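Heads up, input-v3.cif below (mmCIF, C-alpha atoms and all ligand atoms):
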data_data
#
loop_
_atom_site.label_atom_id
_atom_site.label_comp_id
_atom_site.auth_asym_id
_atom_site.auth_seq_id
_atom_site.Cartn_x
_atom_site.Cartn_y
_atom_site.Cartn_z
CA MET A 11 -146.17 -10.85 34.89
CA ASN A 12 -149.05 -10.43 32.47
CA THR A 13 -150.20 -7.27 30.68
CA TYR A 14 -153.14 -6.79 33.05
CA ILE A 15 -150.74 -6.47 35.95
CA LYS A 16 -148.42 -4.14 34.07
CA GLU A 17 -151.18 -1.64 33.50
CA TYR A 18 -152.36 -1.33 37.09
CA VAL A 19 -149.63 -2.63 39.32
CA MET A 20 -146.79 -0.34 40.26
CA LEU A 21 -144.97 -2.60 42.67
CA GLU A 22 -145.10 -6.36 42.96
CA LEU A 23 -143.63 -8.44 45.77
CA ASP A 24 -143.30 -12.04 44.71
CA ASN A 25 -142.70 -14.59 47.49
CA ILE A 26 -140.41 -12.40 49.55
CA CYS A 27 -138.54 -14.05 52.44
CA TRP A 28 -135.93 -12.48 54.67
CA GLN A 29 -133.81 -14.08 57.37
CA ALA A 30 -131.54 -12.31 59.84
CA ASP A 31 -129.46 -13.94 62.57
CA GLY A 32 -130.80 -17.31 61.46
CA LYS A 33 -134.37 -16.18 62.17
CA LYS A 34 -137.15 -16.02 59.56
CA ILE A 35 -138.43 -12.46 59.79
CA ILE A 36 -140.34 -12.10 56.52
CA ASN A 37 -142.15 -15.21 55.48
CA ASN A 38 -143.27 -15.65 51.85
CA ILE A 39 -144.93 -12.32 51.25
CA SER A 40 -146.64 -11.71 47.91
CA MET A 41 -148.46 -8.45 47.37
CA ASN A 42 -149.36 -6.07 44.54
CA PHE A 43 -149.41 -2.32 45.04
CA GLU A 44 -151.43 -0.34 42.50
CA LYS A 45 -150.47 2.97 40.95
CA ASN A 46 -151.43 6.10 42.93
CA LYS A 47 -153.16 4.18 45.71
CA MET A 48 -152.51 4.64 49.39
CA TYR A 49 -151.69 1.65 51.60
CA ALA A 50 -151.24 1.34 55.32
CA ILE A 51 -149.24 -1.48 56.86
CA THR A 52 -150.19 -2.23 60.42
CA GLY A 53 -149.86 -5.05 62.93
CA PRO A 54 -148.27 -5.87 66.28
CA ASN A 55 -144.76 -4.78 67.29
CA GLY A 56 -142.16 -7.05 65.76
CA SER A 57 -144.48 -8.39 63.06
CA GLY A 58 -142.04 -7.36 60.32
CA LYS A 59 -143.55 -4.10 58.99
CA SER A 60 -140.31 -2.08 58.99
CA SER A 61 -138.34 -5.05 57.69
CA LEU A 62 -140.70 -5.38 54.76
CA VAL A 63 -140.51 -1.72 53.72
CA LYS A 64 -136.73 -1.77 54.15
CA ILE A 65 -136.60 -4.68 51.73
CA ILE A 66 -138.71 -2.67 49.26
CA ALA A 67 -136.40 0.35 49.66
CA GLY A 68 -133.29 -1.83 49.21
CA ILE A 69 -131.98 -1.28 52.75
CA HIS A 70 -132.25 -5.04 53.35
CA LYS A 71 -131.79 -7.60 50.59
CA GLN A 72 -134.42 -10.32 50.59
CA SER A 73 -133.16 -13.90 51.07
CA SER A 74 -135.45 -15.11 48.29
CA GLY A 75 -138.23 -13.85 46.05
CA ASN A 76 -138.38 -10.97 43.59
CA ILE A 77 -139.49 -7.34 43.53
CA TYR A 78 -140.85 -5.73 40.36
CA LEU A 79 -141.43 -2.06 39.71
CA ASP A 80 -143.49 -1.21 36.63
CA GLY A 81 -142.91 -4.76 35.48
CA ASN A 82 -139.11 -4.60 35.78
CA CYS A 83 -137.22 -6.65 38.34
CA ILE A 84 -135.37 -4.25 40.68
CA ASP A 85 -133.58 -6.89 42.80
CA SER A 86 -130.18 -5.82 41.51
CA LEU A 87 -130.71 -2.08 42.19
CA ASN A 88 -128.98 -0.93 45.34
CA ILE A 89 -130.57 1.45 47.83
CA THR A 90 -129.13 4.56 46.15
CA LYS A 91 -130.42 3.63 42.72
CA ARG A 92 -133.86 2.75 44.07
CA ALA A 93 -133.96 5.97 46.08
CA GLY A 94 -132.77 8.18 43.24
CA GLU A 95 -135.16 6.92 40.65
CA HIS A 96 -138.16 5.23 42.07
CA ILE A 97 -138.60 4.63 45.76
CA ALA A 98 -138.45 7.31 48.44
CA TYR A 99 -138.19 6.21 52.05
CA SER A 100 -138.88 8.36 55.08
CA PHE A 101 -137.27 7.02 58.23
CA GLN A 102 -139.12 6.51 61.51
CA SER A 103 -136.63 8.90 63.17
CA PRO A 104 -135.41 11.77 60.97
CA VAL A 105 -131.67 12.18 60.49
CA LEU A 106 -129.98 15.44 61.57
CA PHE A 107 -127.75 17.30 59.11
CA ARG A 108 -125.89 19.81 61.22
CA GLY A 109 -124.79 22.96 59.36
CA VAL A 110 -127.21 22.37 56.49
CA THR A 111 -130.25 24.63 56.15
CA VAL A 112 -133.73 23.39 55.30
CA SER A 113 -133.45 25.23 51.97
CA GLU A 114 -130.16 23.49 51.09
CA LEU A 115 -131.53 20.12 52.08
CA LEU A 116 -134.55 20.63 49.81
CA ASP A 117 -132.23 21.71 46.96
CA ILE A 118 -130.30 18.44 47.30
CA ALA A 119 -133.53 16.43 47.35
CA MET A 120 -134.95 18.28 44.32
CA LYS A 121 -131.86 17.76 42.17
CA ASN A 122 -132.72 15.64 39.09
CA SER A 123 -136.22 15.13 40.43
CA ARG A 124 -139.38 15.29 38.32
CA ASN A 125 -141.05 17.12 41.22
CA PRO A 126 -143.13 20.06 39.87
CA TYR A 127 -143.31 22.01 43.15
CA ASN A 128 -141.02 24.68 44.56
CA LYS A 129 -139.63 24.76 48.10
CA VAL A 130 -142.36 27.05 49.42
CA GLU A 131 -145.06 24.71 48.12
CA LEU A 132 -143.30 21.61 49.43
CA LEU A 133 -143.10 23.08 52.92
CA SER A 134 -146.72 24.19 52.80
CA PHE A 135 -147.80 20.61 51.95
CA VAL A 136 -146.37 19.54 55.30
CA GLY A 137 -147.86 22.51 57.14
CA LEU A 138 -144.73 24.67 57.47
CA ASP A 139 -144.33 28.34 56.61
CA ALA A 140 -141.31 28.73 54.29
CA ARG A 141 -140.60 32.24 55.63
CA VAL A 142 -139.95 30.75 59.03
CA TYR A 143 -138.22 27.50 58.09
CA LEU A 144 -136.19 27.81 54.87
CA ASN A 145 -133.15 29.33 56.59
CA ARG A 146 -133.33 27.22 59.73
CA SER A 147 -130.49 24.81 60.32
CA MET A 148 -131.26 21.07 60.40
CA ASP A 149 -130.08 20.64 63.97
CA GLY A 150 -131.31 20.01 67.48
CA THR A 151 -133.04 23.39 67.66
CA LEU A 152 -135.91 21.98 65.61
CA SER A 153 -138.56 20.01 67.45
CA GLY A 154 -139.16 16.34 66.67
CA GLY A 155 -142.38 17.23 64.86
CA GLU A 156 -140.70 19.95 62.78
CA LEU A 157 -137.87 17.60 61.81
CA LYS A 158 -140.35 14.94 60.83
CA ARG A 159 -142.30 17.34 58.62
CA ILE A 160 -139.13 18.67 56.98
CA GLU A 161 -137.99 15.13 56.33
CA ILE A 162 -141.32 14.31 54.70
CA ALA A 163 -140.96 17.48 52.55
CA THR A 164 -137.52 16.31 51.35
CA VAL A 165 -138.95 12.91 50.51
CA LEU A 166 -141.78 14.60 48.57
CA ALA A 167 -139.20 16.73 46.73
CA ARG A 168 -137.91 13.59 45.06
CA ASN A 169 -141.38 12.85 43.67
CA ALA A 170 -140.73 9.14 43.51
CA GLU A 171 -143.14 6.59 42.11
CA VAL A 172 -143.35 4.86 45.47
CA LEU A 173 -143.35 6.83 48.70
CA ILE A 174 -142.73 4.90 51.90
CA LEU A 175 -143.50 6.59 55.21
CA ASP A 176 -142.44 4.63 58.30
CA GLU A 177 -144.74 5.73 61.14
CA PRO A 178 -145.14 9.30 59.87
CA GLU A 179 -147.11 10.17 62.99
CA ALA A 180 -144.16 9.31 65.27
CA GLY A 181 -142.73 12.29 67.13
CA ILE A 182 -145.38 14.75 66.03
CA ASP A 183 -147.28 14.98 69.28
CA LEU A 184 -147.11 18.76 69.24
CA TRP A 185 -148.59 18.84 65.77
CA SER A 186 -152.36 18.71 65.71
CA PHE A 187 -153.50 15.46 64.26
CA LYS A 188 -156.00 17.21 62.00
CA ARG A 189 -153.15 19.12 60.33
CA PHE A 190 -151.24 15.91 59.89
CA ILE A 191 -154.20 14.20 58.21
CA GLU A 192 -154.37 17.21 55.85
CA THR A 193 -150.70 16.68 55.01
CA ILE A 194 -151.25 13.08 54.04
CA ASN A 195 -154.30 14.08 52.00
CA ASN A 196 -152.24 16.81 50.30
CA ILE A 197 -149.62 14.29 49.32
CA HIS A 198 -152.21 11.90 47.95
CA GLU A 199 -153.90 14.69 46.00
CA HIS A 200 -150.86 16.48 44.57
CA PHE A 201 -148.40 13.69 43.89
CA GLU A 202 -148.80 10.82 41.47
CA THR A 203 -147.31 8.32 43.80
CA THR A 204 -148.12 5.04 45.44
CA ILE A 205 -148.01 5.68 49.17
CA ILE A 206 -147.07 2.89 51.59
CA MET A 207 -147.34 4.04 55.18
CA ILE A 208 -146.61 2.05 58.33
CA SER A 209 -148.97 3.24 61.00
CA HIS A 210 -150.69 2.25 64.22
CA GLN A 211 -153.14 5.18 64.08
CA GLU A 212 -156.69 4.15 63.33
CA ARG A 213 -157.53 7.52 61.77
CA LEU A 214 -154.63 7.23 59.37
CA LEU A 215 -155.54 3.66 58.50
CA ALA A 216 -159.10 4.79 57.82
CA MET A 217 -158.01 7.20 55.09
CA THR A 218 -156.01 4.73 52.99
CA ASP A 219 -157.32 2.65 50.09
CA TYR A 220 -156.03 -0.60 51.60
CA VAL A 221 -154.93 -1.71 55.04
CA ILE A 222 -152.39 -4.53 55.17
CA TYR A 223 -152.37 -6.41 58.46
CA MET A 224 -149.10 -8.19 59.24
CA LYS A 225 -148.42 -10.80 61.90
CA ASN A 226 -145.37 -13.03 62.44
CA GLY A 227 -143.68 -11.91 59.25
CA ARG A 228 -146.70 -12.64 57.07
CA ILE A 229 -149.56 -10.67 55.57
CA GLU A 230 -152.62 -11.97 57.40
CA HIS A 231 -155.22 -9.80 55.67
CA VAL A 232 -155.55 -7.01 53.16
CA TYR A 233 -158.62 -4.89 53.80
CA ASN A 234 -160.14 -2.41 51.41
CA GLN A 235 -161.61 0.63 53.12
CA GLU A 236 -165.13 -0.77 53.34
CA SER A 237 -163.99 -4.06 54.82
CA PHE A 238 -161.60 -2.29 57.18
CA THR A 239 -164.44 -0.17 58.53
CA LYS A 240 -166.55 -3.28 59.06
CA HIS A 241 -163.63 -4.97 60.74
CA MET A 242 -163.20 -2.05 63.12
CA ASN A 243 -166.90 -2.31 63.92
CA GLY A 244 -166.41 -5.90 64.93
CA GLU A 245 -167.89 -7.62 61.85
CA ARG A 246 -165.46 -10.36 61.08
CA ASP A 247 -167.30 -12.92 58.96
CA TYR A 248 -166.11 -11.52 55.63
CA GLU A 249 -162.39 -11.89 56.28
CA ASP A 250 -161.78 -14.79 53.93
CA LYS A 251 -163.11 -12.68 51.09
CA ILE A 252 -160.79 -9.85 52.06
CA LYS A 253 -157.86 -12.24 52.05
CA CYS A 254 -158.49 -12.80 48.36
CA ILE A 255 -158.41 -9.16 47.28
CA ASN A 256 -154.87 -9.24 46.09
CA ARG A 257 -155.11 -12.60 44.47
CA GLU A 258 -158.17 -11.40 42.52
CA LEU A 259 -156.13 -8.44 41.32
CA LEU A 260 -153.30 -10.68 40.32
CA TYR A 261 -155.28 -13.26 38.40
CA ASP A 262 -158.29 -11.30 37.13
N1 LIG B 1 -131.25 -6.66 61.31
C1 LIG B 1 -131.92 -7.49 62.11
N2 LIG B 1 -131.31 -8.55 62.67
C2 LIG B 1 -131.96 -9.40 63.47
N3 LIG B 1 -133.26 -9.29 63.78
C3 LIG B 1 -133.94 -8.25 63.26
C4 LIG B 1 -133.31 -7.29 62.39
N4 LIG B 1 -134.22 -6.38 62.03
C5 LIG B 1 -135.37 -6.72 62.64
N5 LIG B 1 -135.21 -7.84 63.37
C6 LIG B 1 -136.26 -8.53 64.14
O1 LIG B 1 -137.30 -8.82 63.23
C7 LIG B 1 -138.56 -8.69 63.87
C8 LIG B 1 -139.41 -7.71 63.08
O2 LIG B 1 -138.87 -6.41 63.23
P1 LIG B 1 -139.51 -5.12 62.53
O3 LIG B 1 -138.75 -3.93 62.96
O4 LIG B 1 -139.63 -5.38 61.08
O5 LIG B 1 -140.98 -5.14 63.19
P2 LIG B 1 -142.12 -4.03 63.15
O6 LIG B 1 -143.38 -4.75 62.81
O7 LIG B 1 -141.73 -2.91 62.26
O8 LIG B 1 -142.16 -3.58 64.67
P3 LIG B 1 -142.54 -2.18 65.38
O9 LIG B 1 -144.02 -2.00 65.24
O10 LIG B 1 -142.14 -2.43 66.80
O11 LIG B 1 -141.74 -1.08 64.73
C9 LIG B 1 -138.29 -8.26 65.29
O12 LIG B 1 -138.32 -9.40 66.11
C10 LIG B 1 -136.88 -7.68 65.22
O13 LIG B 1 -136.21 -7.83 66.45
#

So that I can check it, write out the structure of this file as structure tokens.
Amino acid sequence: MNTYIKEYVMLELDNICWQADGKKIINNISMNFEKNKMYAITGPNGSGKSSLVKIIAGIHKQSSGNIYLDGNCIDSLNITKRAGEHIAYSFQSPVLFRGVTVSELLDIAMKNSRNPYNKVELLSFVGLDARVYLNRSMDGTLSGGELKRIEIATVLARNAEVLILDEPEAGIDLWSFKRFIETINNIHEHFETTIIMISHQERLLAMTDYVIYMKNGRIEHVYNQESFTKHMNGERDYEDKIKCINRELLYD
């Protein structure tokens, strides 16, 4: 890595491949993620989006290639070390912690974190009133949308350098989409973090800095916001240029 990259690039994927059950699932992915930018990963079902972010989070170990965070290779860090220090991962389906209150769960998440916000503020970022939720138990009495928001609040509490949200819109059908967009904007505004969000929602994609389109385990295109808008309007003749965005960043 050169000094140019070190200054701007938070996370670098260098030729990442991953095989499972003898099948190539992630196929030579190279990508740079810049500090404090917001990325969406989108693409058809089974294209490898979740697999890729799980490799970044350390849930899967890549078969070959390297991952760098702030210029340091993190291949040897296990999931706990990555989670504790650098990379926060919010699951597609939140995990239940029966007998634990929302307040206790946030305390655990905030321990040793550089997060500057208190529990009331964290809950308000995800659109929840602390007076109502802090003493609630993390069990089946919470709706899917509430659980999802609480889970995102616990991930925020860790204030990691890289925040990965796997389909944050999943299970929040009772939550108005406008409020949800505000939550994502809040996160982007209040936290110095690189956000990587898997999503199929066009409105969410439209608010990110870059949209990564995956197909068959590869990155087919990386759109900046302007090119993504054009793409959505059916203007496709600039795609080769878009393809180069990351390479330009890498070799500028
Ligand atoms: N542990 C595994 N072992 C074997 N195959 C796997 C494993 N994990 C994922 N796959 C396969 O890899 C492919 C990519 O899966 P992945 O979950 O990454 O796709 P995705 O793009 O996130 O899909 P979706 O949009 O449906 O969530 C799929 O064909 C899936 O069945």

**Asked** When distances are computed from all atoms listed in the file, which of A:Asp149, A:Glu177, A:Glu230, A:Asp117 shows the smallest separation from ligand LIG 1 (chain B)?
**Response**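 Nearest to ligand LIG 1 (chain B): A:Glu177.
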
**Message:** Applying 8 Å and all atoms listed in the file, which residues near Asn76 (chain A) remain after dropping the ones on its own chain fewer than 2 positions away? List them as a list in words.
**Reply:**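 Near neighbours after the sequence-gap exclusion: Leu23, Asp24, Asn25, Ile26, Ser74, Tyr78, Cys83, Ile84 and Asp85 of chain A.
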
**Request:** May I have the residues within 12 Å of ligand LIG 1 (chain B), computed using only C-alpha atoms and all ligand atoms, as a PyMOL selection string?
**Result:** chain A and resi 28-37+51-65+69-72+101-103+175-178+180+207-211+222-229

**Message:** Using Å and a single decimal, report how far CA of Phe43 (chain A) sits from CA of Met20 (chain A).
**Reply:** 5.8 Å

**Message:** I'd like the interatomic distance between CA of Tyr127 (chain A) and CA of Ala167 (chain A), to a tenth of an Å.
**Reply:**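 The value is 7.6 Å.
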
**Request:** Find the residues around Lys188 (chain A) up to 10 Å (all atoms listed in the file counted), leave out those fewer than 4 positions away in its own chain, and share them as a list in words.
**Result:**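 In the requested form, the answer reads Glu192, Thr193 and Arg213 of chain A.
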
**Asked** Separation of CA of Pro126 (chain A) and CA of Met148 (chain A), in Å?
**Response**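 Computed distance, CA of Pro126 (chain A) to CA of Met148 (chain A), equals 23.7 Å.
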
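You can rank A:Ala50, A:Ile197, A:Ile66, A:Ala216 by their closest distance to Cys27 (chain A) using only C-alpha atoms, and at the top of that list sits A:Ile66.
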
**Prompt:** Out of A:Thr151, A:Asn125, A:Ser86, A:Thr204, which residue has the shortest atom-to-atom distance to Thr164 (chain A) when counting only C-alpha atoms?
**Reply:** A:Asn125
